[in-house]
Amino acid sequence: MIDPWATTLYEDYGKLMDDFGISKFDSSHLPKPAPIFRRGIIFGHRDFERIRNTYERGMRFAILTGLMPSGMMHLGHKMVIDQVIYFQGLGADVTLAVADIEAYATRDISFEKGRRIAIDEYIPNYIALGLKPQMCSIYFQSKRVEVKDLAYILGKKINLSTMRAIYGMEDNTNMSHIFSPLVQVGDILHVQLDKFGGPRPTLVPVGVDQDPHIRLTRDIAASYRICSVQMTNEGYVAVFIKRDENVSRYIDMAISSAESLGFEKFERNDRYKALYILDSEEKDLIKIDDAMINWEETINPYTFYLPSSTYHRFMTGLTGEKMSSSHPESAIFLSDTSEDVKKKVMIAKTGGGVSVEEHRKNGGKPEICSVYELYVYHLVEDDSYLQSIYDSCREGRRLCGQCKKEATSLLIQFLDDLREKRESAKEYIDDYLSEY
Ligand code: TRP
Ligand code: SF4
């Protein structure tokens with residue numbers, strides 16, 4: 001495996017993971033992992049085991065993510081959609097939210113403008129990148145009443161001081177902004193409502209900046225569960241009832257569904273609202289939790305699997321800071337012309353030596369080079385070719401001028417191809433979105 005960022009960036013992400021309890025993503029179990037997985041670009045996750053367990057058993061899972069229609073799409077946005085496409089290939093059902101409420105509330109984008117940006121930019125690009133639109137539901141937050149209802153309903157579990165603690169909102173933050181994370185919670189959880197396929201594991205691929213929303217959503221989903229299924233120190237699974245009423249009845253239901261999985265040894269303690277499944281072990285945890293969700297959903301319409309998430313690294317912009325639409329020189333937009341690309345790559349920050357002589361002598365530093373990053377994230381499929389770029393740069397055999405030329409021509413080829421596919425996607429997109 002190639003880890004293009006050796007120490008510098010990796011340490012930052014490592015700290016992030018420690019601070020927020022994000023787990024390290026291990027791609028070795030994925031079937032035919034795409035480059036972004038193999039190369040550690042997807043570095044972290046919450047509860048991905050649940051998703052893995054689901055596709056390995058051939059069961060249904062959902063993938064959902066959202067885009068804020070607030071500007072032009074650039075290469076830094078592509079990692080999320082690459083994942084959506086990969087998991088669509090594994091059989092996930094796909095839902096994409098156009099976050100027009102969020103764009104209105106936080107970026108002052110009108111609904112009409114948000115709609116245009118989504119239809120002209122994002123959705124055609126998604127399809128051009130390889131998303132199969134037939135097997136996918138794309139919606140606008142402002143148009144899907146179940147999402148807004150859910151935001152309102154689930155909002156009852158969260159008070160203002162929690163919102164402040166998570167997001168640092170100030171006294172002068174407008175109410176639409178304060179409320180918009182709950183709309184995102186509605187986005188993520190609504191796919192588990194009966195009307196949208198019922199409870200099932202859901203994967204949300206996002207940039208790590210979105211992790212607060214993921215934690216909020218997981219907390220809310222957990223608060224609606226009747227059971228909390230946990231490992232005991234003794235190594236078997238316990239089911240705790242989180243309600244004060246009907247405890248004995250719930251324990252009865254828990255026992256009968258555990259029995260149908262084949263377990264036989266139980267110890268129940270109604271006063272502690274606990275059921276211990278003595279002949280279970282750690283590997284049964286997910287299965288038992290699934291079984292509890294099955295009966296919970298028959299009596300509680302807000303029964304949700306806690307959503308899982310994956311996190312990607314951000315691309316360094318060509319200027320050295322994060323790639324972002326607010327600094328157009330830093331970003332390669334998917335609609336950039338050949339001329340734009342040439343200009344931007346020409347002046348891109350590299351890890352090259354101060355002079356050609358120095359570079360030849362001491363080698364370059366691909367791990368801090370924004371051009372190398374283009375190869376790693378987007379331009380080179382073949383791992384051994386990527387390795388050879390890395391090695392020849394390190395050894396001073398590859399010079400920045402030639403390297404930039406190659407990146408430029410690969411980029412132009414990629415964008416030309418995308419442009420063609422995007423234009424043909426645009427021809428049917430209005431039909432496709434007509435129901436919204
Ligand atoms: N907040 C996300 C962003 O700023 C967009 C978004 C809206 C989203 N709803 C979502 C992301 C649901 C993941 C899941 O880009
Ligand atoms: Fe970057 Fe290429 Fe120069 Fe190496 S040779 S520093 S990878 S531009």
# chains A, B, ... in the order shown; residues from 1 in each chain; ligands from 1
call {"tool": "residues_near_ligand", "arguments": {"ligand": "ligand 1", "cutoff": "10 Å", "atoms": "only C-alpha atoms and all ligand atoms", "output": "count of residues only"}}
result
44
call {"tool": "residues_near_ligand", "arguments": {"ligand": "ligand 2", "cutoff": "9 Å", "atoms": "only C-alpha atoms and all ligand atoms", "output": "ChimeraX atom specification"}}
result
/A:348-353,359,363-373,375,389-394,396-404,407
call {"tool": "closest_residue", "arguments": {"among": "A:Leu150, A:Val341, A:Ala118, A:Ala221", "to": "His190 in chain A", "atoms": "only C-alpha atoms"}}
result
A:Leu150
call {"tool": "residues_around", "arguments": {"residues": "Ser324 in chain A", "least_positions_apart": "4", "cutoff": "12 Å", "atoms": "only C-alpha atoms", "output": "PyMOL selection string"}}
result
chain A and resi 70-77+314-320+328-333
call {"tool": "write_last_selection", "arguments": {"atoms": "all heavy atoms", "output": "short mmCIF file (atom, residue, chain, number, x, y, z; two decimals), in the first residue's frame"}}
result
data_model
loop_
_atom_site.label_atom_id
_atom_site.label_comp_id
_atom_site.auth_asym_id
_atom_site.auth_seq_id
_atom_site.Cartn_x
_atom_site.Cartn_y
_atom_site.Cartn_z
N SER A 70 -23.63 25.41 -3.43
CA SER A 70 -23.23 26.78 -3.14
C SER A 70 -22.11 27.28 -4.03
O SER A 70 -21.62 28.38 -3.85
CB SER A 70 -22.83 26.92 -1.68
OG SER A 70 -21.75 26.09 -1.41
N GLY A 71 -21.65 26.46 -4.96
CA GLY A 71 -20.58 26.95 -5.83
C GLY A 71 -20.28 25.90 -6.87
O GLY A 71 -21.06 24.98 -7.07
N MET A 72 -19.14 26.04 -7.50
CA MET A 72 -18.81 25.08 -8.55
C MET A 72 -18.10 23.86 -7.98
O MET A 72 -17.36 23.96 -7.02
CB MET A 72 -17.93 25.76 -9.60
CG MET A 72 -18.70 26.75 -10.43
SD MET A 72 -17.79 27.21 -11.89
CE MET A 72 -16.26 27.77 -11.22
N MET A 73 -18.34 22.74 -8.63
CA MET A 73 -17.76 21.50 -8.14
C MET A 73 -16.29 21.39 -8.57
O MET A 73 -15.95 21.65 -9.72
CB MET A 73 -18.56 20.32 -8.69
CG MET A 73 -18.24 19.03 -8.03
SD MET A 73 -19.41 17.74 -8.50
CE MET A 73 -18.52 16.31 -7.87
N HIS A 74 -15.43 21.02 -7.61
CA HIS A 74 -14.01 20.87 -7.95
C HIS A 74 -13.51 19.49 -7.52
O HIS A 74 -14.27 18.69 -6.95
CB HIS A 74 -13.19 22.00 -7.34
CG HIS A 74 -13.31 22.14 -5.84
ND1 HIS A 74 -12.85 21.18 -4.96
CD2 HIS A 74 -13.85 23.13 -5.08
CE1 HIS A 74 -13.08 21.58 -3.72
NE2 HIS A 74 -13.70 22.75 -3.75
N LEU A 75 -12.24 19.23 -7.79
CA LEU A 75 -11.71 17.89 -7.54
C LEU A 75 -11.81 17.48 -6.07
O LEU A 75 -11.92 16.30 -5.76
CB LEU A 75 -10.24 17.81 -7.97
CG LEU A 75 -9.99 17.74 -9.48
CD1 LEU A 75 -8.49 17.68 -9.75
CD2 LEU A 75 -10.68 16.52 -10.09
N GLY A 76 -11.79 18.45 -5.17
CA GLY A 76 -11.90 18.14 -3.74
C GLY A 76 -13.27 17.58 -3.37
O GLY A 76 -13.42 16.98 -2.30
N HIS A 77 -14.25 17.76 -4.24
CA HIS A 77 -15.59 17.20 -3.97
C HIS A 77 -15.73 15.78 -4.50
O HIS A 77 -16.75 15.15 -4.26
CB HIS A 77 -16.67 18.05 -4.68
CG HIS A 77 -16.79 19.45 -4.16
ND1 HIS A 77 -16.65 20.55 -4.98
CD2 HIS A 77 -17.03 19.93 -2.92
CE1 HIS A 77 -16.81 21.66 -4.27
NE2 HIS A 77 -17.03 21.32 -3.01
N PHE A 314 -8.71 15.85 3.01
CA PHE A 314 -8.95 16.97 2.11
C PHE A 314 -7.78 17.10 1.15
O PHE A 314 -6.64 16.82 1.52
CB PHE A 314 -9.13 18.26 2.89
CG PHE A 314 -10.40 18.27 3.68
CD1 PHE A 314 -10.39 18.26 5.06
CD2 PHE A 314 -11.61 18.24 3.01
CE1 PHE A 314 -11.57 18.23 5.77
CE2 PHE A 314 -12.81 18.22 3.73
CZ PHE A 314 -12.77 18.22 5.11
N MET A 315 -8.09 17.55 -0.04
CA MET A 315 -7.00 17.80 -0.98
C MET A 315 -6.33 19.11 -0.65
O MET A 315 -7.00 20.10 -0.35
CB MET A 315 -7.54 17.90 -2.40
CG MET A 315 -7.77 16.59 -3.05
SD MET A 315 -8.04 16.86 -4.81
CE MET A 315 -6.33 16.93 -5.38
N THR A 316 -5.02 19.11 -0.76
CA THR A 316 -4.30 20.37 -0.68
C THR A 316 -4.53 21.09 -1.99
O THR A 316 -4.48 20.48 -3.06
CB THR A 316 -2.79 20.11 -0.53
OG1 THR A 316 -2.60 19.10 0.44
CG2 THR A 316 -2.07 21.37 -0.11
N GLY A 317 -4.82 22.36 -1.90
CA GLY A 317 -5.02 23.12 -3.13
C GLY A 317 -3.70 23.33 -3.84
O GLY A 317 -2.62 23.11 -3.27
N LEU A 318 -3.78 23.77 -5.09
CA LEU A 318 -2.56 23.97 -5.87
C LEU A 318 -1.71 25.09 -5.29
O LEU A 318 -0.51 25.18 -5.54
CB LEU A 318 -2.93 24.30 -7.32
CG LEU A 318 -3.72 23.17 -7.99
CD1 LEU A 318 -4.22 23.60 -9.35
CD2 LEU A 318 -2.89 21.91 -8.10
N THR A 319 -2.34 25.94 -4.48
CA THR A 319 -1.59 27.04 -3.87
C THR A 319 -1.01 26.66 -2.52
O THR A 319 -0.29 27.43 -1.91
CB THR A 319 -2.52 28.25 -3.66
OG1 THR A 319 -3.72 27.76 -3.03
CG2 THR A 319 -2.87 28.93 -4.95
N GLY A 320 -1.37 25.48 -2.02
CA GLY A 320 -0.80 25.05 -0.75
C GLY A 320 -1.79 24.99 0.40
O GLY A 320 -1.61 24.23 1.32
N PRO A 328 -10.29 30.31 -6.02
CA PRO A 328 -10.35 29.63 -7.32
C PRO A 328 -8.99 29.18 -7.85
O PRO A 328 -8.91 28.19 -8.57
CB PRO A 328 -10.98 30.67 -8.25
CG PRO A 328 -11.65 31.65 -7.35
CD PRO A 328 -10.91 31.64 -6.06
N GLU A 329 -7.91 29.90 -7.49
CA GLU A 329 -6.58 29.48 -8.01
C GLU A 329 -6.15 28.17 -7.36
O GLU A 329 -5.30 27.46 -7.90
CB GLU A 329 -5.48 30.50 -7.70
CG GLU A 329 -5.89 31.93 -7.47
CD GLU A 329 -6.51 32.12 -6.09
OE1 GLU A 329 -5.83 31.93 -5.06
OE2 GLU A 329 -7.73 32.42 -6.06
N SER A 330 -6.74 27.83 -6.20
CA SER A 330 -6.32 26.63 -5.48
C SER A 330 -6.97 25.38 -6.04
O SER A 330 -6.52 24.27 -5.78
CB SER A 330 -6.68 26.76 -3.99
OG SER A 330 -8.08 26.57 -3.81
N ALA A 331 -8.05 25.56 -6.80
CA ALA A 331 -8.89 24.41 -7.15
C ALA A 331 -8.90 24.13 -8.64
O ALA A 331 -8.80 25.04 -9.46
CB ALA A 331 -10.32 24.68 -6.68
N ILE A 332 -9.01 22.85 -8.98
CA ILE A 332 -9.34 22.47 -10.35
C ILE A 332 -10.84 22.20 -10.38
O ILE A 332 -11.31 21.23 -9.76
CB ILE A 332 -8.58 21.20 -10.80
CG1 ILE A 332 -7.06 21.39 -10.72
CG2 ILE A 332 -9.02 20.78 -12.20
CD1 ILE A 332 -6.46 22.25 -11.79
N PHE A 333 -11.58 23.06 -11.05
CA PHE A 333 -13.02 22.87 -11.16
C PHE A 333 -13.30 21.87 -12.27
O PHE A 333 -12.56 21.81 -13.26
CB PHE A 333 -13.71 24.20 -11.44
CG PHE A 333 -13.58 25.16 -10.29
CD1 PHE A 333 -12.61 26.15 -10.30
CD2 PHE A 333 -14.40 25.04 -9.18
CE1 PHE A 333 -12.46 27.01 -9.21
CE2 PHE A 333 -14.26 25.89 -8.08
CZ PHE A 333 -13.29 26.88 -8.10
#
call {"tool": "residues_around", "arguments": {"residues": "His378 in chain A", "least_positions_apart": "5", "cutoff": "10 Å", "atoms": "only C-alpha atoms", "output": "count of residues only"}}
result
11
call {"tool": "closest_atom_pairs", "arguments": {"of": "range 244-358 of chain A", "to": "range 57-60 of chain A", "cutoff": "12 Å", "atoms": "only C-alpha atoms", "output": "CSV"}}
result
residue,atom,partner,partner_atom,distance
A:Ile286,CA,A:Arg57,CA,11.9
A:Lys287,CA,A:Arg57,CA,10.9
A:Asp290,CA,A:Met59,CA,11.5
call {"tool": "select_by_dssp", "arguments": {"residues": "range 81-295 of chain A", "states": "helix (DSSP H, G or I)", "output": "VMD selection string"}}
result
chain A and resid 81 to 89 100 to 107 111 to 129 133 to 135 141 to 143 145 to 157 160 to 167 175 to 190 194 to 196 208 to 224 247 to 260 282 to 295
call {"tool": "residues_around", "arguments": {"residues": "Asn300 in chain A", "least_positions_apart": "6", "cutoff": "12 Å", "atoms": "only C-alpha atoms", "output": "list in words"}}
result
Leu193, Asp194, Gly198, Pro199, Tyr224, Arg225, Ile226, Cys227, Met292, Ile293 and Asn294 of chain A
call {"tool": "residues_around", "arguments": {"residues": "Ile127 in chain A", "least_positions_apart": "6", "cutoff": "10 Å", "atoms": "only C-alpha atoms", "output": "ChimeraX atom specification"}}
result
/A:81,85,133,418,421-422,424-426,429
call {"tool": "write_last_selection", "arguments": {"atoms": "all heavy atoms", "output": "short mmCIF file (atom, residue, chain, number, x, y, z; two decimals), in the first residue's frame"}}
result
data_model
loop_
_atom_site.label_atom_id
_atom_site.label_comp_id
_atom_site.auth_asym_id
_atom_site.auth_seq_id
_atom_site.Cartn_x
_atom_site.Cartn_y
_atom_site.Cartn_z
N ILE A 81 -18.11 11.32 -4.01
CA ILE A 81 -18.90 10.67 -5.05
C ILE A 81 -18.21 9.41 -5.55
O ILE A 81 -18.86 8.42 -5.90
CB ILE A 81 -19.25 11.67 -6.17
CG1 ILE A 81 -20.37 11.13 -7.03
CG2 ILE A 81 -18.08 12.05 -7.02
CD1 ILE A 81 -21.66 11.04 -6.28
N ILE A 85 -20.16 5.85 -5.75
CA ILE A 85 -20.15 4.99 -6.94
C ILE A 85 -19.61 3.60 -6.59
O ILE A 85 -20.17 2.59 -7.01
CB ILE A 85 -19.32 5.67 -8.07
CG1 ILE A 85 -20.07 6.92 -8.54
CG2 ILE A 85 -19.06 4.70 -9.21
CD1 ILE A 85 -19.23 7.88 -9.37
N PRO A 133 -27.82 6.82 -12.45
CA PRO A 133 -28.97 7.57 -11.95
C PRO A 133 -30.23 6.73 -11.80
O PRO A 133 -31.11 7.08 -11.01
CB PRO A 133 -29.17 8.67 -13.01
CG PRO A 133 -28.47 8.20 -14.22
CD PRO A 133 -27.39 7.28 -13.78
N LEU A 418 -15.07 14.10 -19.17
CA LEU A 418 -16.14 14.41 -18.22
C LEU A 418 -17.14 15.39 -18.85
O LEU A 418 -18.35 15.27 -18.68
CB LEU A 418 -15.52 15.02 -16.97
CG LEU A 418 -16.33 14.93 -15.69
CD1 LEU A 418 -16.47 13.49 -15.23
CD2 LEU A 418 -15.66 15.75 -14.59
N LYS A 421 -19.51 13.65 -21.15
CA LYS A 421 -20.52 12.86 -20.41
C LYS A 421 -21.50 13.77 -19.68
O LYS A 421 -22.69 13.45 -19.56
CB LYS A 421 -19.82 11.95 -19.40
CG LYS A 421 -19.01 10.85 -20.05
CD LYS A 421 -18.37 9.98 -19.00
CE LYS A 421 -17.63 8.81 -19.62
NZ LYS A 421 -16.51 8.38 -18.76
N ARG A 422 -20.99 14.88 -19.19
CA ARG A 422 -21.85 15.82 -18.46
C ARG A 422 -22.90 16.40 -19.40
O ARG A 422 -24.07 16.51 -19.04
CB ARG A 422 -20.99 16.93 -17.87
CG ARG A 422 -21.73 17.87 -16.97
CD ARG A 422 -20.76 18.75 -16.20
NE ARG A 422 -19.86 19.48 -17.07
CZ ARG A 422 -18.53 19.54 -16.91
NH1 ARG A 422 -17.94 18.93 -15.90
NH2 ARG A 422 -17.78 20.23 -17.74
N SER A 424 -24.15 15.07 -22.06
CA SER A 424 -25.22 14.13 -22.40
C SER A 424 -26.10 13.85 -21.18
O SER A 424 -27.31 13.61 -21.34
CB SER A 424 -24.70 12.84 -23.07
OG SER A 424 -23.71 12.26 -22.29
N ALA A 425 -25.55 13.92 -19.98
CA ALA A 425 -26.39 13.75 -18.79
C ALA A 425 -27.40 14.89 -18.69
O ALA A 425 -28.56 14.69 -18.34
CB ALA A 425 -25.53 13.70 -17.54
N LYS A 426 -26.96 16.09 -19.05
CA LYS A 426 -27.84 17.26 -18.93
C LYS A 426 -29.09 17.12 -19.78
O LYS A 426 -30.13 17.70 -19.46
CB LYS A 426 -27.09 18.53 -19.34
CG LYS A 426 -26.28 19.13 -18.21
CD LYS A 426 -25.68 20.46 -18.63
CE LYS A 426 -24.73 20.97 -17.56
NZ LYS A 426 -23.92 22.10 -18.03
N ILE A 429 -31.67 15.33 -17.62
CA ILE A 429 -31.74 15.55 -16.19
C ILE A 429 -33.06 16.19 -15.76
O ILE A 429 -33.59 15.90 -14.69
CB ILE A 429 -30.53 16.39 -15.74
CG1 ILE A 429 -30.13 15.92 -14.36
CG2 ILE A 429 -30.81 17.86 -15.74
CD1 ILE A 429 -28.67 15.97 -14.18
#
call {"tool": "residues_around", "arguments": {"residues": "Met163 in chain A", "least_positions_apart": "3", "cutoff": "12 Å", "atoms": "only C-alpha atoms", "output": "list of chain:residue names"}}
result
A:Gly155, A:Lys157, A:Ile158, A:Asn159, A:Leu160, A:Ile166, A:Tyr167, A:Gly168, A:Met169, A:Glu170, A:Asp171, A:Thr173, A:Met175, A:His177, A:Ile178, A:Phe179, A:Ser180, A:Pro181, A:Leu182, A:Pro212, A:His213, A:Arg215, A:Leu216
call {"tool": "write_last_selection", "arguments": {"atoms": "N, CA, C and O atoms", "output": "short mmCIF file (atom, residue, chain, number, x, y, z; two decimals), in the first residue's frame"}}
result
data_model
loop_
_atom_site.label_atom_id
_atom_site.label_comp_id
_atom_site.auth_asym_id
_atom_site.auth_seq_id
_atom_site.Cartn_x
_atom_site.Cartn_y
_atom_site.Cartn_z
N GLY A 155 -35.86 16.89 16.51
CA GLY A 155 -35.30 18.04 17.19
C GLY A 155 -35.69 18.10 18.66
O GLY A 155 -35.02 18.73 19.48
N LYS A 157 -35.32 15.95 20.79
CA LYS A 157 -34.33 15.28 21.64
C LYS A 157 -33.09 16.14 21.92
O LYS A 157 -32.20 15.73 22.63
N ILE A 158 -33.02 17.31 21.29
CA ILE A 158 -31.80 18.12 21.38
C ILE A 158 -32.14 19.51 21.88
O ILE A 158 -33.08 20.13 21.40
N ASN A 159 -31.38 19.99 22.86
CA ASN A 159 -31.66 21.36 23.30
C ASN A 159 -30.55 22.31 22.86
O ASN A 159 -29.52 21.89 22.31
N LEU A 160 -30.80 23.56 23.10
CA LEU A 160 -29.91 24.59 22.58
C LEU A 160 -28.50 24.47 23.13
O LEU A 160 -27.52 24.72 22.42
N ILE A 166 -21.87 21.47 20.48
CA ILE A 166 -21.36 20.81 19.28
C ILE A 166 -20.84 21.83 18.27
O ILE A 166 -19.79 21.65 17.66
N TYR A 167 -21.61 22.88 18.04
CA TYR A 167 -21.32 23.77 16.90
C TYR A 167 -20.83 25.15 17.31
O TYR A 167 -20.50 25.95 16.43
N GLY A 168 -20.80 25.43 18.57
CA GLY A 168 -20.35 26.74 19.00
C GLY A 168 -21.21 27.88 18.47
O GLY A 168 -20.70 28.94 18.12
N MET A 169 -22.52 27.65 18.35
CA MET A 169 -23.37 28.73 17.83
C MET A 169 -23.46 29.89 18.82
O MET A 169 -23.48 29.70 20.03
N GLU A 170 -23.53 31.08 18.24
CA GLU A 170 -23.55 32.29 19.09
C GLU A 170 -24.97 32.80 19.25
O GLU A 170 -25.89 32.36 18.56
N ASP A 171 -25.13 33.80 20.13
CA ASP A 171 -26.44 34.39 20.33
C ASP A 171 -27.02 35.01 19.06
O ASP A 171 -28.22 35.10 18.90
N THR A 173 -26.56 33.86 15.99
CA THR A 173 -26.74 32.90 14.89
C THR A 173 -28.23 32.82 14.55
O THR A 173 -29.05 32.71 15.47
N MET A 175 -31.90 31.48 13.36
CA MET A 175 -32.59 30.25 13.73
C MET A 175 -32.56 29.21 12.61
O MET A 175 -32.53 28.01 12.86
N HIS A 177 -30.17 28.72 10.56
CA HIS A 177 -28.85 28.09 10.65
C HIS A 177 -28.81 27.10 11.82
O HIS A 177 -28.35 25.97 11.68
N ILE A 178 -29.34 27.54 12.96
CA ILE A 178 -29.34 26.66 14.14
C ILE A 178 -30.08 25.37 13.83
O ILE A 178 -29.68 24.28 14.23
N PHE A 179 -31.15 25.51 13.06
CA PHE A 179 -31.99 24.35 12.78
C PHE A 179 -31.41 23.45 11.67
O PHE A 179 -31.73 22.27 11.59
N SER A 180 -30.53 24.00 10.83
CA SER A 180 -30.14 23.25 9.63
C SER A 180 -29.42 21.91 9.92
O SER A 180 -29.61 20.95 9.17
N PRO A 181 -28.64 21.78 11.00
CA PRO A 181 -28.10 20.44 11.28
C PRO A 181 -29.18 19.39 11.50
O PRO A 181 -28.99 18.22 11.17
N LEU A 182 -30.32 19.83 12.02
CA LEU A 182 -31.40 18.85 12.21
C LEU A 182 -32.00 18.42 10.89
O LEU A 182 -32.47 17.29 10.75
N PRO A 212 -19.27 16.38 13.21
CA PRO A 212 -20.24 16.79 14.23
C PRO A 212 -21.67 16.39 13.88
O PRO A 212 -22.42 15.96 14.76
N HIS A 213 -22.04 16.53 12.60
CA HIS A 213 -23.39 16.12 12.19
C HIS A 213 -23.58 14.62 12.37
O HIS A 213 -24.67 14.16 12.69
N ARG A 215 -22.05 12.69 14.56
CA ARG A 215 -22.22 12.39 16.00
C ARG A 215 -23.61 12.77 16.49
O ARG A 215 -24.24 12.02 17.21
N LEU A 216 -24.08 13.93 16.05
CA LEU A 216 -25.42 14.35 16.45
C LEU A 216 -26.45 13.33 15.99
O LEU A 216 -27.34 12.92 16.75
#
call {"tool": "atom_distance", "arguments": {"atom1": "CA of Tyr139 in chain A", "atom2": "CA of Asp219 in chain A"}}
result
24.7 Å
call {"tool": "select_by_dssp", "arguments": {"residues": "range 107-196 of chain A", "states": "strand (DSSP E)", "output": "ChimeraX atom specification"}}
result
/A:136-140
call {"tool": "write_last_selection", "arguments": {"atoms": "all heavy atoms", "output": "compact mmCIF listing (two decimals), in the first residue's frame"}}
result
# COMPACT_ATOMS: atom_id res chain seq x y z
N CYS A 136 -30.89 5.34 -8.07
CA CYS A 136 -30.47 6.35 -7.13
C CYS A 136 -31.57 7.39 -6.99
O CYS A 136 -32.27 7.70 -7.95
CB CYS A 136 -29.18 6.93 -7.72
SG CYS A 136 -28.77 8.55 -7.25
N SER A 137 -31.76 7.87 -5.78
CA SER A 137 -32.78 8.88 -5.57
C SER A 137 -32.10 10.20 -5.19
O SER A 137 -31.31 10.25 -4.25
CB SER A 137 -33.73 8.40 -4.46
OG SER A 137 -34.41 9.48 -3.89
N ILE A 138 -32.37 11.22 -5.96
CA ILE A 138 -31.79 12.54 -5.69
C ILE A 138 -32.94 13.47 -5.32
O ILE A 138 -33.95 13.49 -6.02
CB ILE A 138 -31.05 13.10 -6.93
CG1 ILE A 138 -29.94 12.13 -7.36
CG2 ILE A 138 -30.47 14.47 -6.62
CD1 ILE A 138 -29.20 12.54 -8.63
N TYR A 139 -32.79 14.18 -4.23
CA TYR A 139 -33.90 15.06 -3.83
C TYR A 139 -33.38 16.37 -3.27
O TYR A 139 -32.21 16.48 -2.89
CB TYR A 139 -34.79 14.36 -2.79
CG TYR A 139 -34.11 14.21 -1.44
CD1 TYR A 139 -34.27 15.19 -0.45
CD2 TYR A 139 -33.27 13.14 -1.17
CE1 TYR A 139 -33.63 15.09 0.77
CE2 TYR A 139 -32.62 13.04 0.04
CZ TYR A 139 -32.81 14.01 1.01
OH TYR A 139 -32.16 13.92 2.20
N PHE A 140 -34.26 17.34 -3.21
CA PHE A 140 -33.96 18.64 -2.59
C PHE A 140 -34.52 18.64 -1.18
O PHE A 140 -35.68 18.28 -0.98
CB PHE A 140 -34.57 19.77 -3.42
CG PHE A 140 -33.91 19.96 -4.75
CD1 PHE A 140 -34.24 19.15 -5.82
CD2 PHE A 140 -32.94 20.94 -4.91
CE1 PHE A 140 -33.61 19.31 -7.05
CE2 PHE A 140 -32.31 21.10 -6.14
CZ PHE A 140 -32.63 20.29 -7.21
call {"tool": "atom_distance", "arguments": {"atom1": "CA of Leu386 in chain A", "atom2": "CA of Gly40 in chain A"}}
result
13.9 Å
call {"tool": "decode", "arguments": {"residues": "range 62-73 of chain A", "atoms": "N, CA, C and O atoms", "output": "PDB file, in the first residue's frame"}}
result
ATOM      1  N   ALA A  62     -27.906   1.122   2.816  1.00  0.00           N
ATOM      2  CA  ALA A  62     -28.124   2.373   2.103  1.00  0.00           C
ATOM      3  C   ALA A  62     -26.847   3.187   2.130  1.00  0.00           C
ATOM      4  O   ALA A  62     -26.039   3.060   3.060  1.00  0.00           O
ATOM      5  N   ILE A  63     -26.659   3.993   1.107  1.00  0.00           N
ATOM      6  CA  ILE A  63     -25.606   5.001   1.186  1.00  0.00           C
ATOM      7  C   ILE A  63     -26.270   6.335   0.895  1.00  0.00           C
ATOM      8  O   ILE A  63     -27.102   6.456  -0.001  1.00  0.00           O
ATOM      9  N   LEU A  64     -25.952   7.295   1.738  1.00  0.00           N
ATOM     10  CA  LEU A  64     -26.564   8.607   1.581  1.00  0.00           C
ATOM     11  C   LEU A  64     -25.519   9.671   1.823  1.00  0.00           C
ATOM     12  O   LEU A  64     -24.712   9.558   2.739  1.00  0.00           O
ATOM     13  N   THR A  65     -25.513  10.666   0.969  1.00  0.00           N
ATOM     14  CA  THR A  65     -24.700  11.823   1.294  1.00  0.00           C
ATOM     15  C   THR A  65     -25.373  13.054   0.724  1.00  0.00           C
ATOM     16  O   THR A  65     -26.433  12.960   0.101  1.00  0.00           O
ATOM     17  N   GLY A  66     -24.796  14.202   0.990  1.00  0.00           N
ATOM     18  CA  GLY A  66     -25.451  15.434   0.559  1.00  0.00           C
ATOM     19  C   GLY A  66     -24.450  16.402  -0.011  1.00  0.00           C
ATOM     20  O   GLY A  66     -23.244  16.291   0.222  1.00  0.00           O
ATOM     21  N   LEU A  67     -24.954  17.324  -0.780  1.00  0.00           N
ATOM     22  CA  LEU A  67     -24.091  18.351  -1.339  1.00  0.00           C
ATOM     23  C   LEU A  67     -24.769  19.676  -1.094  1.00  0.00           C
ATOM     24  O   LEU A  67     -25.987  19.819  -1.182  1.00  0.00           O
ATOM     25  N   MET A  68     -23.941  20.629  -0.757  1.00  0.00           N
ATOM     26  CA  MET A  68     -24.491  21.966  -0.578  1.00  0.00           C
ATOM     27  C   MET A  68     -24.325  22.696  -1.899  1.00  0.00           C
ATOM     28  O   MET A  68     -23.211  22.875  -2.375  1.00  0.00           O
ATOM     29  N   PRO A  69     -25.414  23.112  -2.534  1.00  0.00           N
ATOM     30  CA  PRO A  69     -25.300  23.739  -3.860  1.00  0.00           C
ATOM     31  C   PRO A  69     -24.902  25.197  -3.723  1.00  0.00           C
ATOM     32  O   PRO A  69     -25.711  26.094  -3.882  1.00  0.00           O
ATOM     33  N   SER A  70     -23.629  25.406  -3.425  1.00  0.00           N
ATOM     34  CA  SER A  70     -23.234  26.783  -3.139  1.00  0.00           C
ATOM     35  C   SER A  70     -22.107  27.275  -4.030  1.00  0.00           C
ATOM     36  O   SER A  70     -21.623  28.383  -3.851  1.00  0.00           O
ATOM     37  N   GLY A  71     -21.654  26.463  -4.964  1.00  0.00           N
ATOM     38  CA  GLY A  71     -20.582  26.949  -5.834  1.00  0.00           C
ATOM     39  C   GLY A  71     -20.278  25.897  -6.874  1.00  0.00           C
ATOM     40  O   GLY A  71     -21.058  24.982  -7.072  1.00  0.00           O
ATOM     41  N   MET A  72     -19.138  26.037  -7.503  1.00  0.00           N
ATOM     42  CA  MET A  72     -18.810  25.084  -8.550  1.00  0.00           C
ATOM     43  C   MET A  72     -18.105  23.863  -7.981  1.00  0.00           C
ATOM     44  O   MET A  72     -17.358  23.955  -7.015  1.00  0.00           O
ATOM     45  N   MET A  73     -18.339  22.737  -8.634  1.00  0.00           N
ATOM     46  CA  MET A  73     -17.763  21.495  -8.136  1.00  0.00           C
ATOM     47  C   MET A  73     -16.292  21.392  -8.566  1.00  0.00           C
ATOM     48  O   MET A  73     -15.952  21.653  -9.724  1.00  0.00           O
TER      49      MET A  73
END
